[in-house]
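Working notes for the structure below.
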Amino acid sequence: MKASDILTASEDAIAREVGGELVLMHLASGTYFGLNAVGARIWQLLEAGEQSLAGLCRTIVTEFDAPADVIEHDIAALAGDLEEHELVTRRAGS
Amino acid sequence: MVIEQPTISIRPQHAIASAPFDRWRSPDGDTIAEFYRLDGRYLIRFPGRADFEVEAASLAVSCFAAAEDMEGAAMALLHNAVEPMIGNHSGRLHLHGSAVAVDGTGIAFAGLSRRGKTTLAASFARAGYPFLTEDVIALTKREDGTYLVAPARPSLRLFSDSEEQLFGEAAACAGTDAKREIDASRLLPFANAPVPLGGIYILGPGECEALTIEPVSSQDALAELMQHAFILDVEDKPRLQAHFSRCSDLALHTRCYRLDYPRDYDALPQIIDGLARHAREERTGDESE
């Protein structure tokens, strides 16, 4: 996964905040995915429009108190999980 | 959702030209129901038992038993599967499960088929706690965010082994795979008015040696509750989203627990005592908060 890769939220994903977490459901497969505060913010950004991994990292670094390398690692891992659950699609960016 | 005096016709189940867009499967992988999209209608087929045609616009239902000896099964499927499906499609909230009243508070048991929901409801009733429903938990949200659970039909359908254990006898004609309908009575009390919902217990597989009750987080409860919903059209995204939202509200405002216990008839009285005690303690905790 590259920093320039573009992520797009799936149209089959629905989200709802439940008990302090954002719960995502994939309508077609019926799978569920829970997101913490950082993940919920990332999902909010993705719902607003497609985002590059680098763009997501830049936003999260300014909003959350954590080292940039940790945030980059965590966002890449989350993106991989979301892609695996078909909640996002990924394509190569320029 | 109550369909008044439904007429059940006999109609053999012929092959359908199109492929089903959805299937319900048992934990063993057997097909319980198939969902087809016909011209302006849904066809819900319970193989070997009954077909139901639902008009997409009006949601009017036509019922067809697959054979003469399937009329009772068709009626049970209408009440326990098709009506709640249409209810959820119309914006209501029905879950697959049973419920009983403990000191005026409803406790509900959700779970996969053959997890013991009806046996549990019947056991509570035999211990003096009225049952509300054996298969469909019909919920109404109140203005304060809490829920009422409504009574369903005043009867329970039990497998012969459960009937024998609970009542000391079973119908001679009932095989182990057949359920027999038993009406509410003095020995099997029924709660005929809605009661506040105190909690939902999600039944485990019974692979344990003692009664276990563990709280479930709202997030996990949501995933569980969606599994036990009745969905008519899994491809209708707006309705599915609305149902997800209703289940989210329920998960947020209702205590949910993972429940498991050994499926041993001799242990059932202790299980019922333990569960009733748990329900009372949780309610006392709520009242003191």
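Following the order of the structure tokens, first chain is A, next is B, and so on, with residues numbered from 1 inside each chain and ligands from 1 in the order they appear.
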Select all residues from chain B having any atom no more than 8 Å from an atom of chain A (counting only C-alpha atoms, ignoring ligands), output as a ChimeraX atom specification. /B:217-219,223,234-235,237,240-241,245,248,251-252
Based on the selection just made, write N, CA, C and O atoms of those residues as a PDB file, in the first residue's frame.
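What landed in again-v3.pdb:
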```pdb
ATOM      1  N   SER B 217     -21.185  -5.780  24.865  1.00  0.00           N
ATOM      2  CA  SER B 217     -21.086  -4.354  24.557  1.00  0.00           C
ATOM      3  C   SER B 217     -22.171  -3.972  23.547  1.00  0.00           C
ATOM      4  O   SER B 217     -22.696  -4.827  22.827  1.00  0.00           O
ATOM      5  N   SER B 218     -22.483  -2.687  23.516  1.00  0.00           N
ATOM      6  CA  SER B 218     -23.514  -2.222  22.576  1.00  0.00           C
ATOM      7  C   SER B 218     -23.138  -2.562  21.142  1.00  0.00           C
ATOM      8  O   SER B 218     -23.997  -2.934  20.329  1.00  0.00           O
ATOM      9  N   GLN B 219     -21.840  -2.454  20.838  1.00  0.00           N
ATOM     10  CA  GLN B 219     -21.403  -2.721  19.464  1.00  0.00           C
ATOM     11  C   GLN B 219     -21.612  -4.192  19.096  1.00  0.00           C
ATOM     12  O   GLN B 219     -22.120  -4.519  18.013  1.00  0.00           O
ATOM     13  N   ALA B 223     -24.398  -6.186  16.331  1.00  0.00           N
ATOM     14  CA  ALA B 223     -24.097  -7.234  15.350  1.00  0.00           C
ATOM     15  C   ALA B 223     -24.960  -8.471  15.608  1.00  0.00           C
ATOM     16  O   ALA B 223     -25.480  -9.093  14.676  1.00  0.00           O
ATOM     17  N   VAL B 234     -32.989  -8.155   1.346  1.00  0.00           N
ATOM     18  CA  VAL B 234     -31.630  -7.768   1.750  1.00  0.00           C
ATOM     19  C   VAL B 234     -30.983  -6.812   0.753  1.00  0.00           C
ATOM     20  O   VAL B 234     -29.922  -6.250   1.022  1.00  0.00           O
ATOM     21  N   GLU B 235     -31.634  -6.640  -0.409  1.00  0.00           N
ATOM     22  CA  GLU B 235     -31.065  -5.725  -1.415  1.00  0.00           C
ATOM     23  C   GLU B 235     -31.703  -4.339  -1.358  1.00  0.00           C
ATOM     24  O   GLU B 235     -31.323  -3.461  -2.125  1.00  0.00           O
ATOM     25  N   LYS B 237     -31.529  -1.307   0.181  1.00  0.00           N
ATOM     26  CA  LYS B 237     -30.573  -0.650   1.072  1.00  0.00           C
ATOM     27  C   LYS B 237     -31.200   0.397   1.993  1.00  0.00           C
ATOM     28  O   LYS B 237     -30.858   0.456   3.175  1.00  0.00           O
ATOM     29  N   LEU B 240     -32.827  -1.455   4.743  1.00  0.00           N
ATOM     30  CA  LEU B 240     -31.833  -2.145   5.573  1.00  0.00           C
ATOM     31  C   LEU B 240     -31.110  -1.139   6.475  1.00  0.00           C
ATOM     32  O   LEU B 240     -30.839  -1.409   7.646  1.00  0.00           O
ATOM     33  N   GLN B 241     -30.826   0.019   5.924  1.00  0.00           N
ATOM     34  CA  GLN B 241     -30.175   1.066   6.711  1.00  0.00           C
ATOM     35  C   GLN B 241     -31.089   1.510   7.862  1.00  0.00           C
ATOM     36  O   GLN B 241     -30.638   1.708   8.983  1.00  0.00           O
ATOM     37  N   SER B 245     -30.458   1.157  11.881  1.00  0.00           N
ATOM     38  CA  SER B 245     -30.592   2.272  12.820  1.00  0.00           C
ATOM     39  C   SER B 245     -31.499   1.880  13.991  1.00  0.00           C
ATOM     40  O   SER B 245     -31.199   2.186  15.156  1.00  0.00           O
ATOM     41  N   SER B 248     -29.608  -0.366  16.193  1.00  0.00           N
ATOM     42  CA  SER B 248     -28.589   0.397  16.920  1.00  0.00           C
ATOM     43  C   SER B 248     -29.213   1.040  18.160  1.00  0.00           C
ATOM     44  O   SER B 248     -28.639   1.009  19.254  1.00  0.00           O
ATOM     45  N   ALA B 251     -29.790  -1.600  20.725  1.00  0.00           N
ATOM     46  CA  ALA B 251     -28.539  -2.025  21.369  1.00  0.00           C
ATOM     47  C   ALA B 251     -28.047  -0.975  22.366  1.00  0.00           C
ATOM     48  O   ALA B 251     -27.460  -1.308  23.400  1.00  0.00           O
ATOM     49  N   LEU B 252     -28.295   0.286  22.056  1.00  0.00           N
ATOM     50  CA  LEU B 252     -27.843   1.357  22.945  1.00  0.00           C
ATOM     51  C   LEU B 252     -28.670   1.448  24.217  1.00  0.00           C
ATOM     52  O   LEU B 252     -28.157   1.816  25.276  1.00  0.00           O
TER      53      LEU B 252
END
```
Surrounding residues of region 266-268 of chain B excluding itself and chain neighbours under 3 positions, 10 Å, only C-alpha atoms, as JSON, numbers by chain: {"B": [119, 120, 123, 124, 165, 166, 210, 211, 261, 262, 263, 271, 272, 273, 274]}
Using only C-alpha atoms, which protein or nucleic acid residues come within 12 Å of Pro130 (chain B)? Drop anything in the same chain fewer than 3 positions from it, and give the result as a PyMOL selection string. chain B and resi 98-107+120-127+133-134+151+154-156+184-195
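For Gly49 (chain A), the list of residues within 10 Å, based on only C-alpha atoms and with local chain neighbours fewer than 6 positions off taken out, reads Leu7, Thr8, Ala9 and Trp43 of chain A.
Counting only C-alpha atoms, the residue from A:Leu46, A:Glu86, A:Gly93, A:Glu72 that sits nearest to Arg58 (chain A) is A:Glu72.
Residues with any atom within 12 Å of Leu78 (chain A), counting only C-alpha atoms and excluding same-chain neighbours fewer than 4 positions away, are Met1, Leu7, Phe33, Gly34, Leu35, Asn36, Val38, Gly39, Ala40, Ile42, Trp43, Leu53, Leu56, Cys57, Ile71, Glu72, His73, Asp74, Leu82, Glu83, Glu84, His85, Leu87 and Val88 of chain A.
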Which of B:Gly198, B:Arg153, B:Ile231, B:Ser113 sits closest to Gly29 (chain B) [using only C-alpha atoms]: B:Ser113
Separation of CA of Arg45 (chain B) from CA of Gly97 (chain B), in Å and rounded to one decimal: 21.0 Å
Can you list, as a compact mmCIF listing (two decimals) with N, CA, C and O atoms, in the first residue's frame, every protein, DNA or RNA residue that comes within 12 Å of region 48-58 of chain B when you count only C-alpha atoms, leaving out same-chain residues fewer than 6 positions away?
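The resulting part-v8.txt:
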```txt
# COMPACT_ATOMS: atom_id res chain seq x y z
N ILE B 3 -52.05 -10.35 10.11
CA ILE B 3 -52.83 -10.56 8.89
C ILE B 3 -54.10 -11.27 9.33
O ILE B 3 -54.06 -12.38 9.83
N PRO B 6 -56.06 -15.24 7.65
CA PRO B 6 -55.44 -15.56 6.36
C PRO B 6 -56.04 -16.84 5.78
O PRO B 6 -56.40 -17.76 6.51
N THR B 7 -56.14 -16.86 4.49
CA THR B 7 -56.61 -18.07 3.80
C THR B 7 -55.38 -18.81 3.31
O THR B 7 -54.51 -18.21 2.68
N ILE B 8 -55.32 -20.08 3.63
CA ILE B 8 -54.19 -20.87 3.16
C ILE B 8 -54.70 -21.84 2.09
O ILE B 8 -55.57 -22.67 2.35
N SER B 9 -54.17 -21.69 0.89
CA SER B 9 -54.52 -22.60 -0.20
C SER B 9 -53.45 -23.68 -0.29
O SER B 9 -52.35 -23.51 0.22
N ILE B 10 -53.81 -24.76 -0.96
CA ILE B 10 -52.84 -25.84 -1.19
C ILE B 10 -52.26 -25.63 -2.59
O ILE B 10 -53.03 -25.53 -3.57
N ARG B 11 -50.96 -25.57 -2.70
CA ARG B 11 -50.33 -25.42 -4.02
C ARG B 11 -48.97 -26.12 -4.00
O ARG B 11 -48.09 -25.73 -3.22
N PRO B 12 -48.80 -27.14 -4.82
CA PRO B 12 -47.50 -27.82 -4.86
C PRO B 12 -46.40 -26.83 -5.24
O PRO B 12 -46.64 -25.86 -5.97
N GLN B 13 -45.21 -27.07 -4.77
CA GLN B 13 -44.10 -26.15 -5.05
C GLN B 13 -43.41 -26.55 -6.36
O GLN B 13 -42.64 -27.49 -6.40
N HIS B 14 -43.71 -25.79 -7.40
CA HIS B 14 -43.05 -26.02 -8.69
C HIS B 14 -41.73 -25.26 -8.72
O HIS B 14 -41.55 -24.29 -7.99
N ALA B 15 -40.85 -25.70 -9.61
CA ALA B 15 -39.54 -25.02 -9.74
C ALA B 15 -39.74 -23.58 -10.20
O ALA B 15 -40.68 -23.28 -10.94
N ILE B 16 -38.87 -22.70 -9.73
CA ILE B 16 -38.92 -21.28 -10.11
C ILE B 16 -37.83 -21.05 -11.16
O ILE B 16 -36.71 -21.53 -11.01
N THR B 31 -31.19 -25.34 3.74
CA THR B 31 -31.98 -24.17 3.33
C THR B 31 -33.30 -24.16 4.10
O THR B 31 -34.06 -25.12 4.07
N ILE B 32 -33.54 -23.05 4.78
CA ILE B 32 -34.81 -22.87 5.50
C ILE B 32 -35.80 -22.12 4.62
O ILE B 32 -36.98 -22.46 4.56
N ALA B 33 -35.30 -21.09 3.94
CA ALA B 33 -36.19 -20.28 3.09
C ALA B 33 -35.39 -19.73 1.92
O ALA B 33 -34.19 -19.48 2.03
N GLU B 34 -36.11 -19.54 0.81
CA GLU B 34 -35.52 -18.92 -0.37
C GLU B 34 -36.39 -17.72 -0.75
O GLU B 34 -37.62 -17.78 -0.63
N PHE B 35 -35.74 -16.67 -1.21
CA PHE B 35 -36.44 -15.43 -1.54
C PHE B 35 -36.28 -15.15 -3.04
O PHE B 35 -35.15 -15.05 -3.52
N TYR B 36 -37.40 -15.03 -3.71
CA TYR B 36 -37.40 -14.75 -5.15
C TYR B 36 -38.09 -13.42 -5.41
O TYR B 36 -39.00 -13.02 -4.68
N ARG B 37 -37.65 -12.79 -6.48
CA ARG B 37 -38.30 -11.56 -6.92
C ARG B 37 -39.10 -11.92 -8.18
O ARG B 37 -38.54 -12.31 -9.19
N LEU B 38 -40.42 -11.81 -8.09
CA LEU B 38 -41.26 -12.06 -9.25
C LEU B 38 -41.77 -10.71 -9.74
O LEU B 38 -41.32 -9.67 -9.29
N ASP B 39 -42.72 -10.74 -10.65
CA ASP B 39 -43.24 -9.50 -11.23
C ASP B 39 -44.05 -8.72 -10.18
O ASP B 39 -45.22 -9.01 -9.95
N GLY B 40 -43.41 -7.74 -9.55
CA GLY B 40 -44.12 -6.91 -8.56
C GLY B 40 -44.40 -7.62 -7.25
O GLY B 40 -45.16 -7.12 -6.42
N ARG B 41 -43.81 -8.78 -7.07
CA ARG B 41 -44.07 -9.55 -5.83
C ARG B 41 -42.77 -10.19 -5.35
O ARG B 41 -41.82 -10.38 -6.11
N TYR B 42 -42.78 -10.51 -4.08
CA TYR B 42 -41.75 -11.40 -3.53
C TYR B 42 -42.38 -12.78 -3.39
O TYR B 42 -43.56 -12.89 -3.02
N PHE B 64 -49.66 -20.28 0.65
CA PHE B 64 -49.86 -21.55 -0.05
C PHE B 64 -49.10 -22.65 0.68
O PHE B 64 -47.86 -22.65 0.70
N ALA B 65 -49.84 -23.59 1.26
CA ALA B 65 -49.19 -24.77 1.86
C ALA B 65 -48.76 -25.69 0.73
O ALA B 65 -49.46 -25.82 -0.28
N ALA B 66 -47.62 -26.35 0.91
CA ALA B 66 -47.09 -27.20 -0.16
C ALA B 66 -47.90 -28.49 -0.30
O ALA B 66 -47.86 -29.14 -1.35
N ALA B 67 -48.61 -28.88 0.74
CA ALA B 67 -49.44 -30.08 0.72
C ALA B 67 -50.50 -29.93 1.81
O ALA B 67 -50.39 -29.06 2.67
N GLU B 68 -51.50 -30.80 1.77
CA GLU B 68 -52.60 -30.68 2.74
C GLU B 68 -52.11 -30.78 4.18
O GLU B 68 -52.61 -30.10 5.07
N ASP B 69 -51.12 -31.66 4.40
CA ASP B 69 -50.65 -31.83 5.79
C ASP B 69 -49.66 -30.74 6.20
O ASP B 69 -49.04 -30.83 7.26
N MET B 70 -49.51 -29.71 5.38
CA MET B 70 -48.60 -28.61 5.70
C MET B 70 -49.35 -27.33 6.06
O MET B 70 -48.73 -26.28 6.22
N GLU B 71 -50.66 -27.41 6.20
CA GLU B 71 -51.42 -26.19 6.51
C GLU B 71 -51.03 -25.61 7.86
O GLU B 71 -50.89 -24.39 8.00
N GLY B 72 -50.87 -26.48 8.84
CA GLY B 72 -50.45 -25.99 10.17
C GLY B 72 -49.07 -25.37 10.13
O GLY B 72 -48.83 -24.31 10.73
N ALA B 73 -48.18 -26.02 9.39
CA ALA B 73 -46.82 -25.48 9.27
C ALA B 73 -46.84 -24.13 8.56
O ALA B 73 -46.12 -23.19 8.93
N ALA B 74 -47.71 -24.03 7.54
CA ALA B 74 -47.81 -22.76 6.79
C ALA B 74 -48.32 -21.65 7.71
O ALA B 74 -47.82 -20.52 7.67
N MET B 75 -49.31 -21.98 8.53
CA MET B 75 -49.85 -20.98 9.45
C MET B 75 -48.77 -20.53 10.44
O MET B 75 -48.63 -19.32 10.73
N ALA B 76 -48.01 -21.49 10.97
CA ALA B 76 -46.94 -21.14 11.93
C ALA B 76 -45.89 -20.27 11.24
O ALA B 76 -45.41 -19.28 11.83
N LEU B 77 -45.54 -20.60 10.01
CA LEU B 77 -44.54 -19.80 9.29
C LEU B 77 -45.06 -18.39 9.01
O LEU B 77 -44.31 -17.42 9.07
N LEU B 78 -46.35 -18.32 8.72
CA LEU B 78 -46.95 -16.99 8.48
C LEU B 78 -46.76 -16.11 9.73
O LEU B 78 -46.30 -14.97 9.64
N HIS B 79 -47.12 -16.67 10.90
CA HIS B 79 -47.05 -15.88 12.13
C HIS B 79 -45.60 -15.66 12.59
O HIS B 79 -45.26 -14.59 13.10
N ALA B 81 -42.60 -16.03 10.87
CA ALA B 81 -41.55 -15.60 9.96
C ALA B 81 -42.03 -14.49 9.02
O ALA B 81 -41.41 -13.44 8.92
N VAL B 82 -43.16 -14.74 8.35
CA VAL B 82 -43.58 -13.80 7.30
C VAL B 82 -44.10 -12.49 7.91
O VAL B 82 -43.72 -11.39 7.48
N GLU B 83 -44.98 -12.59 8.90
CA GLU B 83 -45.50 -11.36 9.52
C GLU B 83 -44.39 -10.49 10.11
O GLU B 83 -44.36 -9.27 9.87
N MET B 85 -41.33 -10.37 9.21
CA MET B 85 -40.55 -9.88 8.09
C MET B 85 -41.21 -8.64 7.49
O MET B 85 -40.57 -7.63 7.23
N ILE B 86 -42.53 -8.74 7.32
CA ILE B 86 -43.27 -7.61 6.76
C ILE B 86 -43.28 -6.45 7.76
O ILE B 86 -43.19 -5.28 7.39
N HIS B 89 -40.04 -4.72 7.46
CA HIS B 89 -40.02 -4.03 6.17
C HIS B 89 -40.82 -2.72 6.26
O HIS B 89 -40.52 -1.75 5.58
N SER B 90 -41.84 -2.71 7.14
CA SER B 90 -42.71 -1.54 7.28
C SER B 90 -42.21 -0.57 8.34
O SER B 90 -42.90 0.39 8.67
N LEU B 232 -36.96 -8.94 4.78
CA LEU B 232 -37.66 -9.39 3.57
C LEU B 232 -36.79 -9.21 2.33
O LEU B 232 -36.74 -10.10 1.47
N ASP B 233 -36.10 -8.07 2.24
CA ASP B 233 -35.35 -7.79 1.02
C ASP B 233 -33.97 -7.27 1.38
O ASP B 233 -33.81 -6.09 1.70
N ASP B 236 -32.66 -4.16 -0.47
CA ASP B 236 -33.33 -2.86 -0.32
C ASP B 236 -32.51 -2.04 0.69
O ASP B 236 -32.76 -2.07 1.89
```
For Ala110 (chain B), which of B:Arg142, B:Arg23, B:His94, B:Arg283 is the closest residue, counting only C-alpha atoms? B:His94
Could you work out how far CA of Pro238 (chain B) lies from CA of Gly199 (chain B), giving the answer in Å with one decimal? 28.0 Å
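One distance worth recording is that between CA of Glu224 (chain B) and CA of Ile75 (chain A), which is 27.4 Å.
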